[in-house]
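File shown here: data.txt, holding compact mmCIF, N, CA and C atoms.
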# COMPACT_ATOMS: atom_id res chain seq x y z
N MET N 1 -5.72 9.93 -23.83
CA MET N 1 -5.18 9.55 -22.53
C MET N 1 -5.37 8.05 -22.32
N SER N 2 -4.35 7.41 -21.79
CA SER N 2 -4.42 5.97 -21.59
C SER N 2 -5.28 5.64 -20.37
N GLU N 3 -5.85 4.45 -20.41
CA GLU N 3 -6.72 4.02 -19.33
C GLU N 3 -5.90 3.60 -18.11
N GLN N 4 -6.46 3.84 -16.93
CA GLN N 4 -5.79 3.45 -15.69
C GLN N 4 -6.52 2.27 -15.08
N TYR N 5 -5.75 1.39 -14.45
CA TYR N 5 -6.28 0.19 -13.81
C TYR N 5 -6.01 0.30 -12.32
N LYS N 6 -7.03 0.04 -11.52
CA LYS N 6 -6.98 0.39 -10.10
C LYS N 6 -7.16 -0.85 -9.22
N ALA N 7 -6.50 -0.82 -8.06
CA ALA N 7 -6.70 -1.82 -7.02
C ALA N 7 -6.64 -1.10 -5.68
N VAL N 8 -7.54 -1.48 -4.77
CA VAL N 8 -7.64 -0.82 -3.47
C VAL N 8 -7.58 -1.88 -2.37
N LEU N 9 -6.85 -1.57 -1.33
CA LEU N 9 -6.78 -2.44 -0.16
C LEU N 9 -7.09 -1.59 1.06
N ARG N 10 -8.08 -2.00 1.82
CA ARG N 10 -8.54 -1.19 2.95
C ARG N 10 -8.28 -1.90 4.28
N ASN N 11 -8.12 -1.09 5.32
CA ASN N 11 -8.00 -1.55 6.70
C ASN N 11 -6.84 -2.53 6.91
N VAL N 12 -5.69 -2.17 6.36
CA VAL N 12 -4.47 -2.95 6.60
C VAL N 12 -3.95 -2.57 7.97
N ARG N 13 -3.65 -3.54 8.81
CA ARG N 13 -3.25 -3.24 10.19
C ARG N 13 -1.78 -2.87 10.29
N ILE N 14 -1.35 -1.93 9.46
CA ILE N 14 0.00 -1.36 9.53
C ILE N 14 -0.19 0.15 9.46
N ALA N 15 0.57 0.88 10.24
CA ALA N 15 0.44 2.33 10.28
C ALA N 15 0.77 2.93 8.91
N PRO N 16 0.04 3.95 8.49
CA PRO N 16 0.28 4.56 7.17
C PRO N 16 1.69 5.09 7.00
N ARG N 17 2.26 5.59 8.06
CA ARG N 17 3.62 6.13 7.99
C ARG N 17 4.62 5.05 7.57
N LYS N 18 4.41 3.83 8.03
CA LYS N 18 5.31 2.73 7.71
C LYS N 18 5.06 2.19 6.30
N VAL N 19 3.81 2.21 5.86
CA VAL N 19 3.50 1.74 4.51
C VAL N 19 4.03 2.74 3.48
N ARG N 20 4.01 4.03 3.81
CA ARG N 20 4.48 5.05 2.87
C ARG N 20 5.96 4.90 2.56
N LEU N 21 6.75 4.35 3.47
CA LEU N 21 8.16 4.11 3.21
C LEU N 21 8.34 3.16 2.03
N VAL N 22 7.52 2.11 1.99
CA VAL N 22 7.60 1.14 0.89
C VAL N 22 6.95 1.72 -0.36
N ALA N 23 5.88 2.46 -0.20
CA ALA N 23 5.18 3.05 -1.35
C ALA N 23 6.09 4.02 -2.10
N ASP N 24 6.89 4.77 -1.37
CA ASP N 24 7.80 5.72 -2.01
C ASP N 24 8.89 5.02 -2.82
N LEU N 25 9.21 3.77 -2.44
CA LEU N 25 10.22 3.01 -3.18
C LEU N 25 9.75 2.65 -4.59
N VAL N 26 8.49 2.27 -4.72
CA VAL N 26 8.01 1.71 -5.98
C VAL N 26 7.17 2.67 -6.82
N ARG N 27 6.80 3.80 -6.29
CA ARG N 27 5.96 4.73 -7.05
C ARG N 27 6.68 5.20 -8.31
N GLY N 28 6.02 5.10 -9.45
CA GLY N 28 6.58 5.54 -10.72
C GLY N 28 7.42 4.51 -11.44
N LYS N 29 7.60 3.34 -10.84
CA LYS N 29 8.44 2.31 -11.45
C LYS N 29 7.61 1.40 -12.35
N GLN N 30 8.29 0.69 -13.24
CA GLN N 30 7.60 -0.32 -14.04
C GLN N 30 7.24 -1.50 -13.15
N VAL N 31 6.24 -2.25 -13.57
CA VAL N 31 5.66 -3.28 -12.73
C VAL N 31 6.68 -4.36 -12.35
N GLN N 32 7.43 -4.85 -13.31
CA GLN N 32 8.38 -5.94 -13.01
C GLN N 32 9.51 -5.45 -12.11
N ASP N 33 9.98 -4.22 -12.32
CA ASP N 33 11.01 -3.67 -11.43
C ASP N 33 10.48 -3.51 -10.01
N ALA N 34 9.23 -3.09 -9.89
CA ALA N 34 8.62 -2.90 -8.57
C ALA N 34 8.46 -4.23 -7.85
N LEU N 35 8.04 -5.27 -8.57
CA LEU N 35 7.90 -6.59 -7.94
C LEU N 35 9.24 -7.13 -7.46
N ASP N 36 10.28 -6.94 -8.28
CA ASP N 36 11.61 -7.39 -7.87
C ASP N 36 12.11 -6.63 -6.64
N LEU N 37 11.85 -5.34 -6.60
CA LEU N 37 12.27 -4.51 -5.48
C LEU N 37 11.52 -4.89 -4.20
N LEU N 38 10.22 -5.16 -4.34
CA LEU N 38 9.42 -5.53 -3.17
C LEU N 38 9.81 -6.91 -2.63
N LYS N 39 10.31 -7.76 -3.51
CA LYS N 39 10.69 -9.11 -3.08
C LYS N 39 11.89 -9.08 -2.14
N VAL N 40 12.79 -8.11 -2.33
CA VAL N 40 13.99 -8.05 -1.50
C VAL N 40 13.89 -7.03 -0.37
N THR N 41 12.78 -6.30 -0.31
CA THR N 41 12.60 -5.32 0.76
C THR N 41 12.17 -6.04 2.03
N THR N 42 12.79 -5.67 3.15
CA THR N 42 12.55 -6.39 4.41
C THR N 42 11.46 -5.76 5.28
N LYS N 43 10.82 -4.72 4.82
CA LYS N 43 9.75 -4.09 5.61
C LYS N 43 8.52 -4.99 5.66
N ARG N 44 7.76 -4.86 6.74
CA ARG N 44 6.58 -5.70 6.94
C ARG N 44 5.48 -5.40 5.93
N SER N 45 5.46 -4.19 5.41
CA SER N 45 4.42 -3.82 4.46
C SER N 45 4.76 -4.19 3.02
N ALA N 46 5.97 -4.67 2.75
CA ALA N 46 6.37 -5.02 1.38
C ALA N 46 5.51 -6.15 0.79
N PRO N 47 5.24 -7.25 1.51
CA PRO N 47 4.37 -8.27 0.92
C PRO N 47 2.95 -7.78 0.69
N VAL N 48 2.48 -6.87 1.52
CA VAL N 48 1.14 -6.32 1.35
C VAL N 48 1.06 -5.51 0.07
N VAL N 49 2.04 -4.64 -0.17
CA VAL N 49 2.07 -3.82 -1.37
C VAL N 49 2.29 -4.71 -2.60
N SER N 50 3.08 -5.74 -2.46
CA SER N 50 3.32 -6.67 -3.55
C SER N 50 2.03 -7.40 -3.95
N GLY N 51 1.27 -7.82 -2.97
CA GLY N 51 -0.01 -8.47 -3.25
C GLY N 51 -0.99 -7.53 -3.93
N LEU N 52 -0.99 -6.28 -3.50
CA LEU N 52 -1.86 -5.28 -4.13
C LEU N 52 -1.43 -5.04 -5.57
N LEU N 53 -0.13 -5.04 -5.82
CA LEU N 53 0.38 -4.84 -7.18
C LEU N 53 -0.03 -6.00 -8.09
N THR N 54 0.07 -7.22 -7.60
CA THR N 54 -0.35 -8.36 -8.42
C THR N 54 -1.86 -8.32 -8.68
N SER N 55 -2.62 -7.82 -7.71
CA SER N 55 -4.06 -7.67 -7.91
C SER N 55 -4.35 -6.62 -8.97
N ALA N 56 -3.61 -5.52 -8.95
CA ALA N 56 -3.80 -4.47 -9.96
C ALA N 56 -3.42 -4.98 -11.35
N ILE N 57 -2.38 -5.81 -11.43
CA ILE N 57 -1.99 -6.40 -12.71
C ILE N 57 -3.09 -7.33 -13.21
N ALA N 58 -3.66 -8.12 -12.32
CA ALA N 58 -4.75 -9.02 -12.69
C ALA N 58 -5.98 -8.24 -13.16
N ASN N 59 -6.27 -7.12 -12.50
CA ASN N 59 -7.38 -6.27 -12.92
C ASN N 59 -7.13 -5.73 -14.32
N ALA N 60 -5.90 -5.32 -14.59
CA ALA N 60 -5.57 -4.75 -15.90
C ALA N 60 -5.68 -5.80 -16.99
N THR N 61 -5.20 -7.01 -16.74
CA THR N 61 -5.23 -8.04 -17.78
C THR N 61 -6.63 -8.61 -17.99
N SER N 62 -7.49 -8.56 -16.98
CA SER N 62 -8.84 -9.08 -17.16
C SER N 62 -9.74 -8.07 -17.87
N LYS N 63 -9.48 -6.77 -17.69
CA LYS N 63 -10.32 -5.75 -18.32
C LYS N 63 -10.02 -5.58 -19.81
N ALA N 64 -8.75 -5.63 -20.18
CA ALA N 64 -8.37 -5.37 -21.57
C ALA N 64 -7.11 -6.15 -21.90
N THR N 65 -6.79 -6.17 -23.18
CA THR N 65 -5.53 -6.79 -23.59
C THR N 65 -4.42 -5.77 -23.37
N VAL N 66 -3.67 -6.00 -22.31
CA VAL N 66 -2.64 -5.06 -21.89
C VAL N 66 -1.30 -5.78 -21.89
N ASP N 67 -0.28 -5.10 -22.37
CA ASP N 67 1.07 -5.63 -22.29
C ASP N 67 1.61 -5.34 -20.89
N VAL N 68 1.80 -6.40 -20.11
CA VAL N 68 2.20 -6.24 -18.71
C VAL N 68 3.58 -5.58 -18.59
N ASP N 69 4.43 -5.78 -19.58
CA ASP N 69 5.77 -5.19 -19.53
C ASP N 69 5.75 -3.67 -19.68
N ARG N 70 4.64 -3.13 -20.18
CA ARG N 70 4.56 -1.68 -20.39
C ARG N 70 3.77 -0.97 -19.29
N LEU N 71 3.34 -1.71 -18.27
CA LEU N 71 2.58 -1.10 -17.17
C LEU N 71 3.50 -0.40 -16.18
N VAL N 72 3.05 0.76 -15.70
CA VAL N 72 3.81 1.57 -14.75
C VAL N 72 2.89 1.93 -13.60
N ILE N 73 3.43 1.99 -12.39
CA ILE N 73 2.65 2.43 -11.23
C ILE N 73 2.53 3.95 -11.32
N SER N 74 1.36 4.42 -11.74
CA SER N 74 1.20 5.86 -11.93
C SER N 74 0.84 6.55 -10.61
N GLU N 75 0.01 5.92 -9.80
CA GLU N 75 -0.37 6.50 -8.50
C GLU N 75 -0.31 5.42 -7.44
N LEU N 76 0.17 5.80 -6.29
CA LEU N 76 0.19 4.90 -5.13
C LEU N 76 -0.02 5.76 -3.90
N MET N 77 -1.25 5.73 -3.38
CA MET N 77 -1.60 6.57 -2.24
C MET N 77 -1.82 5.71 -1.00
N VAL N 78 -1.34 6.20 0.11
CA VAL N 78 -1.55 5.53 1.39
C VAL N 78 -2.25 6.52 2.31
N ASP N 79 -3.47 6.21 2.68
CA ASP N 79 -4.26 7.07 3.56
C ASP N 79 -4.50 6.37 4.88
N GLY N 80 -4.76 7.15 5.89
CA GLY N 80 -5.06 6.59 7.19
C GLY N 80 -6.46 6.02 7.24
N GLY N 81 -6.61 4.89 7.88
CA GLY N 81 -7.92 4.27 8.04
C GLY N 81 -8.43 4.48 9.45
N SER N 82 -9.28 3.60 9.89
CA SER N 82 -9.82 3.70 11.24
C SER N 82 -8.71 3.40 12.25
N VAL N 83 -8.90 3.93 13.46
CA VAL N 83 -7.90 3.77 14.51
C VAL N 83 -8.52 2.97 15.64
N LEU N 84 -7.87 1.87 16.00
CA LEU N 84 -8.32 1.08 17.15
C LEU N 84 -7.71 1.68 18.41
N LYS N 85 -8.54 2.04 19.36
CA LYS N 85 -8.05 2.67 20.57
C LYS N 85 -8.02 1.66 21.70
N ARG N 86 -6.85 1.48 22.27
CA ARG N 86 -6.65 0.54 23.37
C ARG N 86 -5.99 1.29 24.53
N PHE N 87 -5.99 0.66 25.69
CA PHE N 87 -5.38 1.29 26.86
C PHE N 87 -4.35 0.35 27.47
N MET N 88 -3.26 0.94 27.94
CA MET N 88 -2.21 0.19 28.60
C MET N 88 -2.14 0.66 30.05
N PRO N 89 -2.16 -0.26 31.01
CA PRO N 89 -2.05 0.15 32.41
C PRO N 89 -0.66 0.73 32.70
N ARG N 90 -0.66 1.78 33.51
CA ARG N 90 0.59 2.44 33.88
C ARG N 90 0.69 2.48 35.41
N ALA N 91 1.70 3.14 35.88
CA ALA N 91 1.95 3.18 37.32
C ALA N 91 0.88 3.99 38.04
N GLN N 92 0.66 3.64 39.28
CA GLN N 92 -0.22 4.34 40.21
C GLN N 92 -1.67 4.40 39.71
N GLY N 93 -2.13 3.33 39.06
CA GLY N 93 -3.53 3.24 38.67
C GLY N 93 -3.90 4.04 37.43
N ARG N 94 -2.93 4.60 36.75
CA ARG N 94 -3.23 5.37 35.55
C ARG N 94 -3.29 4.45 34.33
N ALA N 95 -3.72 5.03 33.22
CA ALA N 95 -3.75 4.28 31.95
C ALA N 95 -3.33 5.22 30.83
N THR N 96 -2.67 4.68 29.83
CA THR N 96 -2.24 5.44 28.67
C THR N 96 -2.94 4.89 27.43
N GLN N 97 -3.40 5.79 26.59
CA GLN N 97 -4.08 5.35 25.37
C GLN N 97 -3.06 4.91 24.32
N ILE N 98 -3.36 3.79 23.65
CA ILE N 98 -2.55 3.30 22.54
C ILE N 98 -3.42 3.34 21.30
N ARG N 99 -2.88 3.92 20.23
CA ARG N 99 -3.64 4.04 18.98
C ARG N 99 -3.05 3.06 17.95
N LYS N 100 -3.84 2.05 17.61
CA LYS N 100 -3.42 1.07 16.61
C LYS N 100 -3.99 1.50 15.27
N ARG N 101 -3.12 2.02 14.43
CA ARG N 101 -3.57 2.65 13.19
C ARG N 101 -3.70 1.63 12.06
N THR N 102 -4.60 1.94 11.13
CA THR N 102 -4.78 1.12 9.93
C THR N 102 -4.58 2.00 8.70
N SER N 103 -4.41 1.35 7.55
CA SER N 103 -4.12 2.07 6.31
C SER N 103 -5.09 1.66 5.21
N HIS N 104 -5.35 2.59 4.31
CA HIS N 104 -6.05 2.34 3.05
C HIS N 104 -5.03 2.59 1.94
N ILE N 105 -4.78 1.60 1.11
CA ILE N 105 -3.79 1.73 0.04
C ILE N 105 -4.51 1.68 -1.30
N THR N 106 -4.25 2.67 -2.16
CA THR N 106 -4.85 2.73 -3.49
C THR N 106 -3.73 2.77 -4.52
N MET N 107 -3.80 1.87 -5.51
CA MET N 107 -2.77 1.80 -6.54
C MET N 107 -3.42 1.89 -7.92
N LYS N 108 -2.83 2.71 -8.77
CA LYS N 108 -3.31 2.84 -10.15
C LYS N 108 -2.15 2.56 -11.10
N LEU N 109 -2.42 1.73 -12.10
CA LEU N 109 -1.43 1.41 -13.11
C LEU N 109 -1.87 2.01 -14.43
N LYS N 110 -0.90 2.41 -15.24
CA LYS N 110 -1.22 2.85 -16.60
C LYS N 110 -0.18 2.29 -17.55
N GLU N 111 -0.58 2.19 -18.80
CA GLU N 111 0.30 1.64 -19.82
C GLU N 111 1.04 2.78 -20.52
N ILE N 112 2.35 2.63 -20.66
CA ILE N 112 3.13 3.68 -21.32
C ILE N 112 3.42 3.29 -22.76

Let me see the file written as structure tokens.
Amino acid sequence: MSEQYKAVLRNVRIAPRKVRLVADLVRGKQVQDALDLLKVTTKRSAPVVSGLLTSAIANATSKATVDVDRLVISELMVDGGSVLKRFMPRAQGRATQIRKRTSHITMKLKEI
């Protein structure tokens, strides 16, 4: 079995549901195709995932002699992180809770 190279990004201030839209685009793709796709994606989480991908590539090249052209995104998980709870004033003295969600993103690359 080939070795996997991992990069983790925690407490990103973007909701997991929104990050998963971008993660689904690049999961299973080769590294260079994924970087090109993320460069033209207009979602706010695209630069975040792109930075994580470059970090995973750097981890892979520093650990072993790896051909970057043969790397594939084998796993890309987006989990919910801590939730910041805030309140917004409403009519007649009431308040509504606002949940500002964060994400934990885990990416694993493997060589094919």

Handout entry: Interatomic distance (Å, one decimal) between atom CA of N:Ile73 and atom C of N:Val48
Key =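 Distance reported for this atom pair: 13.9 Å.
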
Problem - Which of stretch 5-92 of chain N DSSP labels alpha helix (DSSP H), written as JSON, numbers by chain - result: {"N": [16, 17, 18, 19, 20, 21, 22, 23, 24, 25, 26, 31, 32, 33, 34, 35, 36, 37, 38, 39, 40, 46, 47, 48, 49, 50, 51, 52, 53, 54, 55, 56, 57, 58, 59, 60, 61, 62, 63]}

For the residues in the current selection, export N, CA and C atoms as an mmCIF file, in the frame of the given file.
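So the final result, stored in selection-v8.cif, reads:
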data_model
loop_
_atom_site.group_PDB
_atom_site.id
_atom_site.type_symbol
_atom_site.label_atom_id
_atom_site.label_comp_id
_atom_site.auth_asym_id
_atom_site.auth_seq_id
_atom_site.Cartn_x
_atom_site.Cartn_y
_atom_site.Cartn_z
ATOM 1 N N PRO N 16 0.040 3.950 8.490
ATOM 2 C CA PRO N 16 0.280 4.560 7.170
ATOM 3 C C PRO N 16 1.690 5.090 7.000
ATOM 4 N N ARG N 17 2.260 5.590 8.060
ATOM 5 C CA ARG N 17 3.620 6.130 7.990
ATOM 6 C C ARG N 17 4.620 5.050 7.570
ATOM 7 N N LYS N 18 4.410 3.830 8.030
ATOM 8 C CA LYS N 18 5.310 2.730 7.710
ATOM 9 C C LYS N 18 5.060 2.190 6.300
ATOM 10 N N VAL N 19 3.810 2.210 5.860
ATOM 11 C CA VAL N 19 3.500 1.740 4.510
ATOM 12 C C VAL N 19 4.030 2.740 3.480
ATOM 13 N N ARG N 20 4.010 4.030 3.810
ATOM 14 C CA ARG N 20 4.480 5.050 2.870
ATOM 15 C C ARG N 20 5.960 4.900 2.560
ATOM 16 N N LEU N 21 6.750 4.350 3.470
ATOM 17 C CA LEU N 21 8.160 4.110 3.210
ATOM 18 C C LEU N 21 8.340 3.160 2.030
ATOM 19 N N VAL N 22 7.520 2.110 1.990
ATOM 20 C CA VAL N 22 7.600 1.140 0.890
ATOM 21 C C VAL N 22 6.950 1.720 -0.360
ATOM 22 N N ALA N 23 5.880 2.460 -0.200
ATOM 23 C CA ALA N 23 5.180 3.050 -1.350
ATOM 24 C C ALA N 23 6.090 4.020 -2.100
ATOM 25 N N ASP N 24 6.890 4.770 -1.370
ATOM 26 C CA ASP N 24 7.800 5.720 -2.010
ATOM 27 C C ASP N 24 8.890 5.020 -2.820
ATOM 28 N N LEU N 25 9.210 3.770 -2.440
ATOM 29 C CA LEU N 25 10.220 3.010 -3.180
ATOM 30 C C LEU N 25 9.750 2.650 -4.590
ATOM 31 N N VAL N 26 8.490 2.270 -4.720
ATOM 32 C CA VAL N 26 8.010 1.710 -5.980
ATOM 33 C C VAL N 26 7.170 2.670 -6.820
ATOM 34 N N VAL N 31 6.240 -2.250 -13.570
ATOM 35 C CA VAL N 31 5.660 -3.280 -12.730
ATOM 36 C C VAL N 31 6.680 -4.360 -12.350
ATOM 37 N N GLN N 32 7.430 -4.850 -13.310
ATOM 38 C CA GLN N 32 8.380 -5.940 -13.010
ATOM 39 C C GLN N 32 9.510 -5.450 -12.110
ATOM 40 N N ASP N 33 9.980 -4.220 -12.320
ATOM 41 C CA ASP N 33 11.010 -3.670 -11.430
ATOM 42 C C ASP N 33 10.480 -3.510 -10.010
ATOM 43 N N ALA N 34 9.230 -3.090 -9.890
ATOM 44 C CA ALA N 34 8.620 -2.900 -8.570
ATOM 45 C C ALA N 34 8.460 -4.230 -7.850
ATOM 46 N N LEU N 35 8.040 -5.270 -8.570
ATOM 47 C CA LEU N 35 7.900 -6.590 -7.940
ATOM 48 C C LEU N 35 9.240 -7.130 -7.460
ATOM 49 N N ASP N 36 10.280 -6.940 -8.280
ATOM 50 C CA ASP N 36 11.610 -7.390 -7.870
ATOM 51 C C ASP N 36 12.110 -6.630 -6.640
ATOM 52 N N LEU N 37 11.850 -5.340 -6.600
ATOM 53 C CA LEU N 37 12.270 -4.510 -5.480
ATOM 54 C C LEU N 37 11.520 -4.890 -4.200
ATOM 55 N N LEU N 38 10.220 -5.160 -4.340
ATOM 56 C CA LEU N 38 9.420 -5.530 -3.170
ATOM 57 C C LEU N 38 9.810 -6.910 -2.630
ATOM 58 N N LYS N 39 10.310 -7.760 -3.510
ATOM 59 C CA LYS N 39 10.690 -9.110 -3.080
ATOM 60 C C LYS N 39 11.890 -9.080 -2.140
ATOM 61 N N VAL N 40 12.790 -8.110 -2.330
ATOM 62 C CA VAL N 40 13.990 -8.050 -1.500
ATOM 63 C C VAL N 40 13.890 -7.030 -0.370
ATOM 64 N N ALA N 46 5.970 -4.670 2.750
ATOM 65 C CA ALA N 46 6.370 -5.020 1.380
ATOM 66 C C ALA N 46 5.510 -6.150 0.790
ATOM 67 N N PRO N 47 5.240 -7.250 1.510
ATOM 68 C CA PRO N 47 4.370 -8.270 0.920
ATOM 69 C C PRO N 47 2.950 -7.780 0.690
ATOM 70 N N VAL N 48 2.480 -6.870 1.520
ATOM 71 C CA VAL N 48 1.140 -6.320 1.350
ATOM 72 C C VAL N 48 1.060 -5.510 0.070
ATOM 73 N N VAL N 49 2.040 -4.640 -0.170
ATOM 74 C CA VAL N 49 2.070 -3.820 -1.370
ATOM 75 C C VAL N 49 2.290 -4.710 -2.600
ATOM 76 N N SER N 50 3.080 -5.740 -2.460
ATOM 77 C CA SER N 50 3.320 -6.670 -3.550
ATOM 78 C C SER N 50 2.030 -7.400 -3.950
ATOM 79 N N GLY N 51 1.270 -7.820 -2.970
ATOM 80 C CA GLY N 51 -0.010 -8.470 -3.250
ATOM 81 C C GLY N 51 -0.990 -7.530 -3.930
ATOM 82 N N LEU N 52 -0.990 -6.280 -3.500
ATOM 83 C CA LEU N 52 -1.860 -5.280 -4.130
ATOM 84 C C LEU N 52 -1.430 -5.040 -5.570
ATOM 85 N N LEU N 53 -0.130 -5.040 -5.820
ATOM 86 C CA LEU N 53 0.380 -4.840 -7.180
ATOM 87 C C LEU N 53 -0.030 -6.000 -8.090
ATOM 88 N N THR N 54 0.070 -7.220 -7.600
ATOM 89 C CA THR N 54 -0.350 -8.360 -8.420
ATOM 90 C C THR N 54 -1.860 -8.320 -8.680
ATOM 91 N N SER N 55 -2.620 -7.820 -7.710
ATOM 92 C CA SER N 55 -4.060 -7.670 -7.910
ATOM 93 C C SER N 55 -4.350 -6.620 -8.970
ATOM 94 N N ALA N 56 -3.610 -5.520 -8.950
ATOM 95 C CA ALA N 56 -3.800 -4.470 -9.960
ATOM 96 C C ALA N 56 -3.420 -4.980 -11.350
ATOM 97 N N ILE N 57 -2.380 -5.810 -11.430
ATOM 98 C CA ILE N 57 -1.990 -6.400 -12.710
ATOM 99 C C ILE N 57 -3.090 -7.330 -13.210
ATOM 100 N N ALA N 58 -3.660 -8.120 -12.320
ATOM 101 C CA ALA N 58 -4.750 -9.020 -12.690
ATOM 102 C C ALA N 58 -5.980 -8.240 -13.160
ATOM 103 N N ASN N 59 -6.270 -7.120 -12.500
ATOM 104 C CA ASN N 59 -7.380 -6.270 -12.920
ATOM 105 C C ASN N 59 -7.130 -5.730 -14.320
ATOM 106 N N ALA N 60 -5.900 -5.320 -14.590
ATOM 107 C CA ALA N 60 -5.570 -4.750 -15.900
ATOM 108 C C ALA N 60 -5.680 -5.800 -16.990
ATOM 109 N N THR N 61 -5.200 -7.010 -16.740
ATOM 110 C CA THR N 61 -5.230 -8.040 -17.780
ATOM 111 C C THR N 61 -6.630 -8.610 -17.990
ATOM 112 N N SER N 62 -7.490 -8.560 -16.980
ATOM 113 C CA SER N 62 -8.840 -9.080 -17.160
ATOM 114 C C SER N 62 -9.740 -8.070 -17.870
ATOM 115 N N LYS N 63 -9.480 -6.770 -17.690
ATOM 116 C CA LYS N 63 -10.320 -5.750 -18.320
ATOM 117 C C LYS N 63 -10.020 -5.580 -19.810
#

Practice task
Would you please work out which residue, of N:Val26, N:Ala34, N:Ala64, N:Ala58, is nearest to N:Leu76 when using all atoms listed in the file?
Solution key: N:Val26

Practice task
Tell me which protein, DNA and RNA residues are within 6.5 Å of N:Gly81, counting all atoms listed in the file, leaving out same-chain ones fewer than 3 positions away, and put them as a PyMOL selection string.
Solution key: chain N and resi 11+101-104

Please give the centre and size of the box around stretch 93-108 of chain N (axis-aligned, containing every atom listed in the file, 6 Å added per side), with values in Å to one decimal and written as JSON.
{"center_x": -4.1, "center_y": 3.4, "center_z": 14.0, "size_x": 15.9, "size_y": 16.7, "size_z": 62.2}

Practice task
Kindly indicate which residue among N:Ser82, N:Ser45, N:Gln92, N:Gln4 lies nearest to N:Ala60, using all atoms listed in the file for the distances.
Solution key: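 Of N:Ser82, N:Ser45, N:Gln92, N:Gln4, the one nearest N:Ala60 is N:Gln4, counting all atoms listed in the file.
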
Excluding N:Ala7 and any residue of its chain fewer than 6 positions from it, enumerate the residues within 6 Å of it, using all atoms listed in the file, and give them as an mmCIF file with N, CA and C atoms, keeping the file's coordinate frame.
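That gives us result-v5.cif:
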data_model
loop_
_atom_site.group_PDB
_atom_site.id
_atom_site.type_symbol
_atom_site.label_atom_id
_atom_site.label_comp_id
_atom_site.auth_asym_id
_atom_site.auth_seq_id
_atom_site.Cartn_x
_atom_site.Cartn_y
_atom_site.Cartn_z
ATOM 1 N N SER N 55 -2.620 -7.820 -7.710
ATOM 2 C CA SER N 55 -4.060 -7.670 -7.910
ATOM 3 C C SER N 55 -4.350 -6.620 -8.970
ATOM 4 N N ALA N 56 -3.610 -5.520 -8.950
ATOM 5 C CA ALA N 56 -3.800 -4.470 -9.960
ATOM 6 C C ALA N 56 -3.420 -4.980 -11.350
ATOM 7 N N ILE N 105 -4.780 1.600 1.110
ATOM 8 C CA ILE N 105 -3.790 1.730 0.040
ATOM 9 C C ILE N 105 -4.510 1.680 -1.300
ATOM 10 N N THR N 106 -4.250 2.670 -2.160
ATOM 11 C CA THR N 106 -4.850 2.730 -3.490
ATOM 12 C C THR N 106 -3.730 2.770 -4.520
ATOM 13 N N MET N 107 -3.800 1.870 -5.510
ATOM 14 C CA MET N 107 -2.770 1.800 -6.540
ATOM 15 C C MET N 107 -3.420 1.890 -7.920
ATOM 16 N N LYS N 108 -2.830 2.710 -8.770
ATOM 17 C CA LYS N 108 -3.310 2.840 -10.150
ATOM 18 C C LYS N 108 -2.150 2.560 -11.100
#

Exercise for the section: Considering only C-alpha atoms, state which residue in the set N:Leu52, N:Leu35, N:Val72, N:Ala91 is at the smallest distance from N:Ile112. Expected result: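 Counting only C-alpha atoms, the residue closest to N:Ile112 is N:Val72.
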
Exercise for the section: Considering only C-alpha atoms, state which residue in the set N:Glu75, N:Thr54, N:Thr41, N:Ser62 is at the smallest distance from N:Arg27. Expected result: N:Glu75

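Atom C of N:Leu25 is positioned 27.9 Å from atom N of N:Arg99.
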
Exercise for the section: Using atom C of N:Val22 and atom N of N:Lys39 as the two end points, give the distance in Å to one decimal. Expected result: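 It comes out at 10.5 Å.
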
Exercise for the section: Kindly indicate which residue among N:Asp69, N:Ser74, N:Val12, N:Val31 lies nearest to N:Leu53, using only C-alpha atoms for the distances. Expected result: N:Val31

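Using only C-alpha atoms for every distance, the candidate list N:Leu84, N:Ala46, N:Leu71, N:Leu21 yields N:Leu84 as the residue closest to N:Lys100.
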
Exercise for the section: Would you list, as an MDAnalysis selection string, the residues of chain N that end up in strand (DSSP E) under DSSP run on this structure's backbone? Expected result: chainID N and resid 4:12 71:89 95:111

Practice task
Using only C-alpha atoms, find all polymer residues with an atom at most 7 Å away from the point (-6.6, 3.6, 22.8); report them as a PyMOL selection string.
Solution key: chain N and resi 84-87+97-99
